[in-house]
>>> print(open('input-v4.txt').read())   # compact mmCIF, C-alpha atoms and all ligand atoms
# COMPACT_ATOMS: atom_id res chain seq x y z
CA MET A 11 92.49 54.08 76.26
CA GLN A 12 94.24 56.32 78.80
CA ARG A 13 91.43 56.20 81.33
CA GLN A 14 91.62 52.42 81.57
CA HIS A 15 95.03 52.59 83.20
CA HIS A 16 93.35 53.93 86.31
CA ARG A 17 90.84 51.14 86.66
CA ARG A 18 91.47 48.63 89.42
CA VAL A 19 88.99 46.06 88.17
CA GLY A 20 89.79 43.85 85.22
CA TRP A 21 92.91 43.49 83.19
CA TYR A 22 95.93 45.65 83.16
CA ARG A 23 98.84 46.41 80.96
CA TYR A 24 101.60 43.81 80.58
CA HIS A 25 103.32 45.03 77.52
CA ALA A 26 103.56 48.34 75.74
CA ALA A 27 102.22 46.82 72.51
CA VAL A 28 99.05 45.60 74.22
CA PRO A 29 96.84 48.39 75.46
CA ALA A 30 94.86 47.67 78.62
CA VAL A 31 91.35 46.40 77.91
CA ARG A 32 88.77 45.59 80.52
CA ASP A 33 87.65 41.98 80.37
CA PRO A 34 84.54 42.08 78.16
CA TYR A 35 83.00 39.12 80.02
CA GLN A 36 83.30 41.12 83.23
CA VAL A 37 81.92 44.26 81.57
CA LEU A 38 78.77 42.38 80.51
CA GLY A 39 78.66 40.31 83.71
CA VAL A 40 78.50 36.97 81.89
CA PRO A 41 80.42 33.70 82.43
CA ARG A 42 83.21 32.79 80.01
CA ASP A 43 81.07 30.07 78.45
CA ALA A 44 78.13 32.41 77.82
CA SER A 45 76.09 31.57 74.72
CA ASP A 46 75.32 34.13 72.02
CA ASP A 47 71.87 34.45 73.52
CA ASP A 48 73.27 35.08 77.01
CA LEU A 49 75.50 37.80 75.58
CA LYS A 50 72.63 39.46 73.78
CA LYS A 51 70.41 39.41 76.89
CA ALA A 52 73.14 40.80 79.11
CA TYR A 53 73.98 43.56 76.64
CA ARG A 54 70.33 44.48 76.07
CA LYS A 55 69.70 44.81 79.79
CA LEU A 56 72.71 47.08 80.31
CA ALA A 57 72.02 49.03 77.11
CA LEU A 58 68.55 49.92 78.38
CA LYS A 59 70.06 51.20 81.60
CA TYR A 60 72.73 53.37 79.93
CA HIS A 61 70.67 54.26 76.85
CA PRO A 62 71.28 57.80 75.49
CA ASP A 63 67.52 58.59 75.66
CA ARG A 64 67.56 57.95 79.38
CA ASN A 65 70.88 59.59 80.12
CA PRO A 66 71.22 62.59 77.78
CA GLY A 67 74.37 64.58 78.38
CA ASP A 68 75.57 62.12 81.05
CA LYS A 69 79.27 61.54 80.37
CA ALA A 70 79.51 58.54 82.72
CA ALA A 71 76.54 56.84 81.06
CA GLU A 72 78.07 57.56 77.67
CA GLU A 73 81.33 55.87 78.73
CA ARG A 74 79.44 52.85 80.08
CA PHE A 75 77.24 52.61 76.99
CA LYS A 76 80.34 52.68 74.81
CA GLU A 77 82.11 50.13 76.99
CA ILE A 78 79.25 47.60 77.02
CA SER A 79 78.73 48.07 73.28
CA GLU A 80 82.42 47.39 72.64
CA ALA A 81 82.35 44.36 74.95
CA TYR A 82 79.31 42.99 73.12
CA ALA A 83 80.78 43.74 69.69
CA THR A 84 83.93 41.90 70.79
CA LEU A 85 82.26 38.77 72.11
CA LYS A 86 79.67 38.41 69.37
CA ASP A 87 82.45 38.35 66.76
CA PRO A 88 84.01 34.80 66.82
CA GLN A 89 87.48 36.06 65.87
CA LYS A 90 87.51 38.80 68.48
CA ARG A 91 86.11 36.45 71.11
CA ALA A 92 88.87 33.95 70.31
CA TRP A 93 91.40 36.75 70.80
CA VAL A 94 89.94 37.47 74.24
CA ASP A 95 89.99 33.76 75.14
CA ARG A 96 93.68 33.57 74.09
CA GLY A 97 94.36 36.23 76.72
CA GLY A 98 93.98 39.29 74.51
CA GLY A 99 94.63 42.45 76.51
CA ARG A 100 96.70 40.48 79.05
CA SER A 101 99.21 38.63 76.98
CA PRO A 102 101.23 39.87 74.00
CA GLN A 103 100.97 36.38 72.48
CA ALA A 104 97.25 36.90 71.90
CA GLY A 105 98.00 39.34 69.10
CA PRO A 106 96.93 42.93 68.57
CA GLN A 107 93.74 44.34 70.02
CA PRO A 108 90.70 44.19 67.73
CA ASP A 109 90.03 47.35 65.81
CA PHE A 110 86.73 49.01 66.69
CA SER A 111 87.13 51.89 64.25
CA THR A 112 85.37 49.98 61.45
CA VAL A 113 82.58 48.41 63.52
CA ASP A 114 79.17 49.41 62.13
CA TRP A 115 77.41 50.25 65.36
CA GLN A 116 73.94 50.40 63.86
CA THR A 117 74.29 46.68 63.00
CA VAL A 118 75.43 45.94 66.55
CA PHE A 119 72.46 47.81 68.07
CA ASN A 120 69.98 46.17 65.68
CA ASP A 121 71.46 42.76 66.31
CA ALA A 122 70.71 43.02 70.05
CA ASP A 123 67.33 44.76 69.53
CA VAL A 124 68.65 47.87 71.22
CA ASN A 125 66.51 50.74 70.01
CA VAL A 126 69.06 53.25 68.74
CA ASN A 127 68.72 54.85 65.35
CA LEU A 128 71.66 56.71 63.94
CA GLY A 129 70.23 59.51 61.83
CA PRO A 130 71.32 60.12 58.22
CA ASP A 131 73.80 62.83 59.25
CA MET A 132 75.28 60.88 62.15
CA PRO A 133 78.50 58.85 62.03
CA LYS A 134 78.09 55.06 61.79
CA THR A 135 81.53 53.95 62.93
CA GLY A 136 84.11 54.91 65.56
CA SER A 137 83.78 56.66 68.93
CA ALA A 138 82.07 59.61 67.22
CA VAL A 139 78.89 57.51 67.20
CA PHE A 140 78.69 57.64 70.98
CA ASP A 141 79.54 61.35 71.16
CA ALA A 142 76.82 62.06 68.62
CA LEU A 143 74.21 59.83 70.26
CA PHE A 144 74.50 61.47 73.64
CA GLY A 145 75.08 64.98 72.26
CA VAL A 146 72.22 64.89 69.74
CA MET A 147 69.82 63.47 72.31
CA THR A 148 70.80 66.27 74.66
CA ASN A 149 69.94 68.94 72.08
CA VAL A 150 66.72 67.24 71.01
CA LEU A 151 65.52 66.91 74.59
CA ARG A 152 66.50 70.50 75.41
CA ALA A 153 64.50 71.78 72.46
CA GLN A 154 61.53 69.66 73.59
CA GLY A 155 61.79 71.20 77.02
CA ALA A 156 62.79 67.98 78.77
CA LEU A 157 66.09 69.32 80.09
CA PRO A 158 67.11 72.57 81.81
CA GLY A 159 68.48 75.25 79.49
CA GLU A 160 72.10 76.34 79.54
CA THR A 161 73.45 79.56 81.01
CA ARG A 162 74.45 82.18 78.44
CA ARG A 163 77.01 84.91 79.11
CA SER A 164 77.72 88.26 77.52
CA GLN A 165 79.04 91.76 78.26
CA ALA A 166 77.71 95.28 78.13
CA SER A 167 79.73 98.50 78.19
CA VAL A 168 78.31 101.47 80.04
CA ASN A 169 79.64 104.98 80.45
CA LEU A 170 80.37 106.56 83.80
CA LYS A 171 77.13 108.51 83.91
CA THR A 172 75.00 105.38 83.38
CA ALA A 173 77.07 103.44 85.90
CA ARG A 174 76.52 106.17 88.51
CA GLU A 175 72.91 107.05 87.83
CA GLY A 176 71.59 103.82 86.37
CA GLY A 177 69.85 103.47 83.01
CA THR A 178 69.55 100.98 80.22
CA THR A 179 71.85 99.50 77.63
CA THR A 180 71.73 96.54 75.25
CA ALA A 181 73.64 93.26 75.27
CA GLN A 182 73.98 90.47 72.72
CA VAL A 183 73.04 87.09 74.24
CA PRO A 184 74.67 84.26 72.25
CA GLY A 185 72.36 81.74 70.63
CA PRO A 186 70.47 79.62 70.66
CA SER A 187 68.67 81.57 73.34
CA VAL A 188 65.13 82.17 74.52
CA CYS A 189 63.27 84.80 72.48
CA PRO A 190 63.22 87.96 74.62
CA ASN A 191 59.93 89.14 73.11
CA CYS A 192 57.69 86.16 73.93
CA ARG A 193 60.11 84.70 76.52
CA GLY A 194 59.74 81.29 74.89
CA ARG A 195 55.92 81.32 74.93
CA ARG A 196 55.92 81.49 71.11
CA LEU A 197 52.86 83.78 71.06
CA GLU A 198 52.21 87.49 71.20
CA ASP A 199 49.73 88.81 73.78
CA ASP A 200 47.03 88.85 71.06
CA GLY A 201 47.51 85.10 70.46
CA GLN A 202 49.34 85.53 67.15
CA PRO A 203 52.70 83.78 66.61
CA CYS A 204 55.54 85.87 68.07
CA ARG A 205 56.81 88.32 65.42
CA THR A 206 60.34 88.34 66.79
CA CYS A 207 60.99 84.59 66.64
CA GLY A 208 58.31 83.50 64.17
CA GLY A 209 56.62 81.44 66.87
CA ARG A 210 59.63 79.25 67.61
CA GLY A 211 60.24 80.65 71.08
CA LEU A 212 63.97 80.90 70.53
CA LYS A 213 66.54 82.81 68.51
CA ARG A 214 69.06 80.47 66.96
CA ARG A 215 71.73 83.15 66.53
CA GLY A 216 71.01 84.81 69.84
CA SER A 217 69.28 88.08 70.52
CA ARG A 218 69.82 91.71 71.48
CA VAL A 219 68.27 92.34 74.83
CA GLU A 220 67.69 95.50 76.81
CA VAL A 221 69.50 95.48 80.14
CA ARG A 222 68.58 97.69 83.08
CA ILE A 223 71.69 99.06 84.76
CA PRO A 224 71.17 99.74 88.47
CA ALA A 225 72.54 103.03 89.83
CA GLY A 226 75.97 102.66 91.43
CA VAL A 227 76.82 99.46 89.56
CA ARG A 228 80.37 98.13 89.95
CA ASN A 229 82.71 97.21 87.14
CA GLY A 230 82.42 93.45 86.52
CA THR A 231 78.95 93.11 88.06
CA GLN A 232 77.03 90.15 86.61
CA LEU A 233 73.43 91.09 85.90
CA ARG A 234 71.08 88.14 85.69
CA LEU A 235 68.41 88.02 83.01
CA LYS A 236 66.20 85.26 84.30
CA GLY A 237 65.01 82.78 81.67
CA LEU A 238 66.68 84.52 78.71
CA GLY A 239 69.54 82.02 78.35
CA GLY A 240 69.47 78.71 76.49
CA PRO A 241 66.09 77.08 75.75
CA GLY A 242 64.97 74.23 78.00
CA ASN A 243 62.77 73.51 80.96
CA PRO A 244 63.34 75.58 82.93
CA PRO A 245 65.06 77.92 80.45
CA GLY A 246 68.61 78.92 81.35
CA ASP A 247 69.49 82.38 82.60
CA ALA A 248 71.59 84.92 80.75
CA TYR A 249 74.28 86.83 82.62
CA VAL A 250 75.55 90.18 81.42
CA GLU A 251 78.88 91.41 82.78
CA VAL A 252 78.97 95.19 83.17
CA GLN A 253 82.09 96.90 81.89
CA ILE A 254 82.37 100.54 82.87
CA GLU A 255 84.15 102.54 80.19
CA LEU A 256 86.09 105.50 81.53
CA PRO A 257 87.52 108.44 79.61
CA ASP A 258 91.33 108.32 79.23
CA SER A 259 91.67 111.17 81.70
CA VAL A 260 89.99 109.22 84.49
CA GLU A 261 91.85 106.66 86.55
CA ARG A 262 90.05 104.01 88.58
CA VAL A 263 91.53 102.76 91.86
CA GLY A 264 89.14 100.12 93.13
CA ASN A 265 85.82 101.93 92.86
CA GLU A 266 87.40 105.32 93.50
CA LEU A 267 87.92 107.62 90.52
CA ARG A 268 90.82 110.07 90.08
CA THR A 269 90.96 112.85 87.57
CA THR A 270 92.11 116.42 86.98
CA VAL A 271 90.16 119.62 86.40
CA HIS A 272 91.52 122.80 84.79
CA LEU A 273 90.31 126.04 86.42
CA LEU A 274 90.58 129.67 85.44
CA PRO A 275 92.39 131.69 88.14
CA SER A 276 89.09 133.50 88.84
CA GLU A 277 87.21 130.22 89.34
CA ALA A 278 89.86 129.00 91.78
CA ARG A 279 89.76 132.29 93.70
CA GLN A 280 85.99 132.75 93.87
CA GLY A 281 84.86 129.11 93.83
CA ALA A 282 82.61 127.49 91.20
CA ASP A 283 80.07 124.75 90.57
CA LEU A 284 81.14 122.47 87.76
CA HIS A 285 80.47 119.06 86.26
CA VAL A 286 83.51 116.79 85.92
CA HIS A 287 82.67 113.78 83.73
CA GLY A 288 79.05 114.26 84.63
CA VAL A 289 79.71 114.46 88.38
CA PRO A 290 78.75 117.73 90.13
CA VAL A 291 81.85 119.22 91.78
CA THR A 292 81.85 122.27 94.06
CA VAL A 293 85.11 124.23 93.97
CA PRO A 294 85.51 126.04 97.31
CA THR A 295 86.66 129.68 97.38
CA GLY A 296 90.41 130.14 97.65
CA THR A 297 91.29 126.85 95.91
CA GLN A 298 94.99 126.55 95.01
CA ASP A 299 96.76 124.86 92.13
CA GLY A 300 97.44 121.24 93.16
CA ASP A 301 94.58 121.03 95.69
CA VAL A 302 92.55 117.81 95.69
CA ILE A 303 88.77 118.11 95.90
CA VAL A 304 87.15 114.96 97.30
CA VAL A 305 83.63 114.36 95.97
CA PRO A 306 81.82 111.86 98.21
CA GLN A 307 79.94 109.25 96.16
CA GLY A 308 81.43 110.69 92.97
CA GLY A 309 83.04 107.36 92.06
CA ILE A 310 81.69 103.96 91.18
CA ALA A 311 79.35 102.17 93.57
CA HIS A 312 79.19 105.20 95.90
CA ALA A 313 82.97 105.49 96.33
CA ASP A 314 84.68 108.90 96.21
CA MET A 315 85.97 110.86 93.27
CA ARG A 316 89.24 112.76 93.83
CA VAL A 317 89.75 115.73 91.56
CA THR A 318 93.16 117.36 91.35
CA VAL A 319 93.01 121.08 90.53
CA GLN A 320 95.27 122.68 87.94
CA VAL A 321 94.99 126.44 87.66
CA GLY A 322 95.94 128.08 84.38
CA VAL A 323 94.61 130.81 82.09
CA TRP A 324 94.64 128.93 78.79
CA SER A 325 93.81 125.39 79.98
CA GLY A 326 91.14 126.90 82.27
CA LEU A 327 89.65 128.88 79.42
CA PHE A 328 89.63 125.83 77.18
CA ARG A 329 87.73 123.79 79.79
CA TRP A 330 85.36 126.72 80.51
CA ALA A 331 84.51 127.06 76.80
CA ARG A 332 83.94 123.31 76.43
CA ASP A 333 81.59 123.34 79.46
CA LYS A 334 79.65 126.23 77.85
CA ILE A 335 79.24 124.29 74.61
CA SER A 336 78.09 121.11 76.32
CA THR A 337 75.54 122.90 78.56
CA THR A 338 74.02 124.94 75.71
CA ARG A 339 73.71 121.90 73.45
ZN ZN B 401 59.27 85.07 70.38
>>> encode(input="input-v4.txt", output="structure tokens")
Amino acid sequence: MQRQHHRRVGWYRYHAAVPAVRDPYQVLGVPRDASDDDLKKAYRKLALKYHPDRNPGDKAAEERFKEISEAYATLKDPQKRAWVDRGGGRSPQAGPQPDFSTVDWQTVFNDADVNVNLGPDMPKTGSAVFDALFGVMTNVLRAQGALPGETRRSQASVNLKTAREGGTTTAQVPGPSVCPNCRGRRLEDDGQPCRTCGGRGLKRRGSRVEVRIPAGVRNGTQLRLKGLGGPGNPPGDAYVEVQIELPDSVERVGNELRTTVHLLPSEARQGADLHVHGVPVTVPTGTQDGDVIVVPQGGIAHADMRVTVQVGVWSGLFRWARDKISTTR
């Protein structure tokens, strides 16, 4: 009832005990002496216009459909119509507002020959009827390919090497989503039903998809997988947000990476070619403890990597041995 306080047309609130109700005669566009037949005709005409089949997923149409249905249900009921004629909604003397929570909407629709069938699992009374009508129609029409599919979103973690050099990873697209194998065509190339989705063209619980990571990708980049989102016509797209996972010893400042490398005294003196987190780093001759080596394009998305040198026998030896193991593996 909150929304009705903002309406300029119709009735407004006089008393706290009487919630604002829009004049049902005005809602249906009929005179106050309208016959039952006039009411039915007016409601039918409006109901066709705002029918859930014609306006799936349209919140404004849903509100209007509910409003005209309530107006009709009010005026076709002699007691409720008498309440309106006494000034119900305007005057506290008219008594409390009629209760719509127990109205059987299927009866109302049938009564006015409005073609709406509430399925066996759908609510029959209350506002939930209208939510269900418009929501269910939306899903039915999407599955039939009469509405565009929804966008689906997910994430994929990649390591630094993949982020720098590019590669592939997998992401879980939430369901229901278009089958990535047949891309909704339901068939394999040989004409047999798709083995991944059983010929349905979609995966109800979503699907694992392979994602190509472009070289130099930034953290937070949204990769678009065209047509692999929610089913519909056209199918929705899936978006995968790239999350670059860095080792604890690497700090990211914007796209720039900062880390430390441990060198043997001999490596610092004579220079060396190393890999630091997969990035080739050339140590110049005569490097000192505390020097910073800047590696152009060593960071994310072609930014720099800044490597701080620490010279020490034991830490240098430890790093040297670990490098040996990883290169001989
Ligand atoms: Zn398939």
>>> atom_distance(input="input-v4.txt", atom1="CA of Pro257 (chain A)", atom2="CA of Thr269 (chain A)")
9.7 Å
>>> residues_near_point(input="input-v4.txt", point="(78.4, 57.7, 73.8)", cutoff="7 Å", atoms="all atoms listed in the file", output="list in words")
Glu72, Glu73, Phe75, Lys76, Val139, Phe140, Asp141, Ala142, Leu143 and Phe144 of chain A
>>> residues_near_ligand(input="input-v4.txt", ligand="ligand ZN 401 (chain B)", cutoff="8 Å", atoms="all atoms listed in the file", output="list in words")
Val188, Cys189, Pro190, Asn191, Cys192, Arg193, Gly194, Arg195, Arg196, Leu197, Glu198, Pro203, Cys204, Arg205, Thr206, Cys207, Gly208, Gly209, Arg210, Gly211, Leu212 and Lys213 of chain A
>>> write_last_selection(input="input-v4.txt", atoms="C-alpha atoms", output="PDB file, in the coordinates of the input")
ATOM      1  CA  VAL A 188      65.130  82.170  74.520  1.00  0.00           C
ATOM      2  CA  CYS A 189      63.270  84.800  72.480  1.00  0.00           C
ATOM      3  CA  PRO A 190      63.220  87.960  74.620  1.00  0.00           C
ATOM      4  CA  ASN A 191      59.930  89.140  73.110  1.00  0.00           C
ATOM      5  CA  CYS A 192      57.690  86.160  73.930  1.00  0.00           C
ATOM      6  CA  ARG A 193      60.110  84.700  76.520  1.00  0.00           C
ATOM      7  CA  GLY A 194      59.740  81.290  74.890  1.00  0.00           C
ATOM      8  CA  ARG A 195      55.920  81.320  74.930  1.00  0.00           C
ATOM      9  CA  ARG A 196      55.920  81.490  71.110  1.00  0.00           C
ATOM     10  CA  LEU A 197      52.860  83.780  71.060  1.00  0.00           C
ATOM     11  CA  GLU A 198      52.210  87.490  71.200  1.00  0.00           C
ATOM     12  CA  PRO A 203      52.700  83.780  66.610  1.00  0.00           C
ATOM     13  CA  CYS A 204      55.540  85.870  68.070  1.00  0.00           C
ATOM     14  CA  ARG A 205      56.810  88.320  65.420  1.00  0.00           C
ATOM     15  CA  THR A 206      60.340  88.340  66.790  1.00  0.00           C
ATOM     16  CA  CYS A 207      60.990  84.590  66.640  1.00  0.00           C
ATOM     17  CA  GLY A 208      58.310  83.500  64.170  1.00  0.00           C
ATOM     18  CA  GLY A 209      56.620  81.440  66.870  1.00  0.00           C
ATOM     19  CA  ARG A 210      59.630  79.250  67.610  1.00  0.00           C
ATOM     20  CA  GLY A 211      60.240  80.650  71.080  1.00  0.00           C
ATOM     21  CA  LEU A 212      63.970  80.900  70.530  1.00  0.00           C
ATOM     22  CA  LYS A 213      66.540  82.810  68.510  1.00  0.00           C
TER      23      LYS A 213
END
>>> residues_near_point(input="input-v4.txt", point="(75.5, 102.0, 78.8)", cutoff="8 Å", atoms="all atoms listed in the file", output="PyMOL selection string")
chain A and resi 166-169+172-173+177-180+223
>>> build_atoms(input="input-v4.txt", residues="region 309-320 of chain A", atoms="all heavy atoms", output="mmCIF file, in the coordinates of the input")
data_model
loop_
_atom_site.group_PDB
_atom_site.id
_atom_site.type_symbol
_atom_site.label_atom_id
_atom_site.label_comp_id
_atom_site.auth_asym_id
_atom_site.auth_seq_id
_atom_site.Cartn_x
_atom_site.Cartn_y
_atom_site.Cartn_z
ATOM 1 N N GLY A 309 82.428 108.479 92.794
ATOM 2 C CA GLY A 309 83.040 107.360 92.060
ATOM 3 C C GLY A 309 82.032 106.296 91.721
ATOM 4 O O GLY A 309 80.826 106.550 91.651
ATOM 5 N N ILE A 310 82.545 105.090 91.542
ATOM 6 C CA ILE A 310 81.690 103.960 91.180
ATOM 7 C C ILE A 310 81.167 103.330 92.470
ATOM 8 O O ILE A 310 81.889 103.254 93.471
ATOM 9 C CB ILE A 310 82.502 102.935 90.365
ATOM 10 C CG1 ILE A 310 82.966 103.574 89.051
ATOM 11 C CG2 ILE A 310 81.692 101.689 90.081
ATOM 12 C CD1 ILE A 310 84.028 102.783 88.340
ATOM 13 N N ALA A 311 79.948 102.870 92.433
ATOM 14 C CA ALA A 311 79.350 102.170 93.570
ATOM 15 C C ALA A 311 79.493 102.987 94.860
ATOM 16 O O ALA A 311 79.859 102.473 95.909
ATOM 17 C CB ALA A 311 79.957 100.777 93.729
ATOM 18 N N HIS A 312 79.230 104.267 94.763
ATOM 19 C CA HIS A 312 79.190 105.200 95.900
ATOM 20 C C HIS A 312 80.553 105.482 96.524
ATOM 21 O O HIS A 312 80.630 106.018 97.627
ATOM 22 C CB HIS A 312 78.207 104.715 96.983
ATOM 23 C CG HIS A 312 76.877 104.315 96.416
ATOM 24 N ND1 HIS A 312 76.049 105.217 95.788
ATOM 25 C CD2 HIS A 312 76.259 103.116 96.344
ATOM 26 C CE1 HIS A 312 74.968 104.578 95.346
ATOM 27 N NE2 HIS A 312 75.079 103.313 95.669
ATOM 28 N N ALA A 313 81.630 105.117 95.840
ATOM 29 C CA ALA A 313 82.970 105.490 96.330
ATOM 30 C C ALA A 313 83.241 106.952 95.957
ATOM 31 O O ALA A 313 82.477 107.583 95.234
ATOM 32 C CB ALA A 313 84.018 104.576 95.714
ATOM 33 N N ASP A 314 84.351 107.487 96.452
ATOM 34 C CA ASP A 314 84.680 108.900 96.210
ATOM 35 C C ASP A 314 85.257 109.130 94.824
ATOM 36 O O ASP A 314 85.763 108.223 94.182
ATOM 37 C CB ASP A 314 85.762 109.366 97.209
ATOM 38 C CG ASP A 314 85.254 109.373 98.643
ATOM 39 O OD1 ASP A 314 84.030 109.295 98.841
ATOM 40 O OD2 ASP A 314 86.106 109.441 99.558
ATOM 41 N N MET A 315 85.195 110.411 94.429
ATOM 42 C CA MET A 315 85.970 110.860 93.270
ATOM 43 C C MET A 315 86.965 111.897 93.808
ATOM 44 O O MET A 315 86.597 112.727 94.642
ATOM 45 C CB MET A 315 85.061 111.503 92.221
ATOM 46 C CG MET A 315 85.793 111.959 90.963
ATOM 47 S SD MET A 315 84.708 112.928 89.881
ATOM 48 C CE MET A 315 84.702 111.920 88.437
ATOM 49 N N ARG A 316 88.212 111.801 93.388
ATOM 50 C CA ARG A 316 89.240 112.760 93.830
ATOM 51 C C ARG A 316 89.683 113.564 92.620
ATOM 52 O O ARG A 316 90.183 112.991 91.650
ATOM 53 C CB ARG A 316 90.420 112.024 94.454
ATOM 54 C CG ARG A 316 90.024 111.230 95.704
ATOM 55 C CD ARG A 316 91.155 110.351 96.165
ATOM 56 N NE ARG A 316 92.197 111.111 96.850
ATOM 57 C CZ ARG A 316 92.152 111.412 98.133
ATOM 58 N NH1 ARG A 316 91.142 111.014 98.887
ATOM 59 N NH2 ARG A 316 93.103 112.134 98.684
ATOM 60 N N VAL A 317 89.459 114.865 92.705
ATOM 61 C CA VAL A 317 89.750 115.730 91.560
ATOM 62 C C VAL A 317 90.931 116.636 91.896
ATOM 63 O O VAL A 317 90.865 117.428 92.843
ATOM 64 C CB VAL A 317 88.510 116.591 91.218
ATOM 65 C CG1 VAL A 317 88.770 117.430 89.974
ATOM 66 C CG2 VAL A 317 87.274 115.715 91.019
ATOM 67 N N THR A 318 91.994 116.505 91.145
ATOM 68 C CA THR A 318 93.160 117.360 91.350
ATOM 69 C C THR A 318 93.011 118.639 90.527
ATOM 70 O O THR A 318 92.685 118.578 89.336
ATOM 71 C CB THR A 318 94.450 116.623 90.924
ATOM 72 O OG1 THR A 318 94.527 115.408 91.679
ATOM 73 C CG2 THR A 318 95.687 117.461 91.194
ATOM 74 N N VAL A 319 93.223 119.777 91.182
ATOM 75 C CA VAL A 319 93.010 121.080 90.530
ATOM 76 C C VAL A 319 94.296 121.548 89.853
ATOM 77 O O VAL A 319 95.367 121.478 90.441
ATOM 78 C CB VAL A 319 92.555 122.115 91.573
ATOM 79 C CG1 VAL A 319 92.525 123.522 90.980
ATOM 80 C CG2 VAL A 319 91.197 121.728 92.143
ATOM 81 N N GLN A 320 94.155 122.001 88.604
ATOM 82 C CA GLN A 320 95.270 122.680 87.940
ATOM 83 C C GLN A 320 94.752 124.051 87.509
ATOM 84 O O GLN A 320 93.755 124.138 86.792
ATOM 85 C CB GLN A 320 95.745 121.878 86.731
ATOM 86 C CG GLN A 320 96.548 120.649 87.159
ATOM 87 C CD GLN A 320 97.161 119.905 85.983
ATOM 88 O OE1 GLN A 320 97.151 120.393 84.855
ATOM 89 N NE2 GLN A 320 97.685 118.738 86.262
#
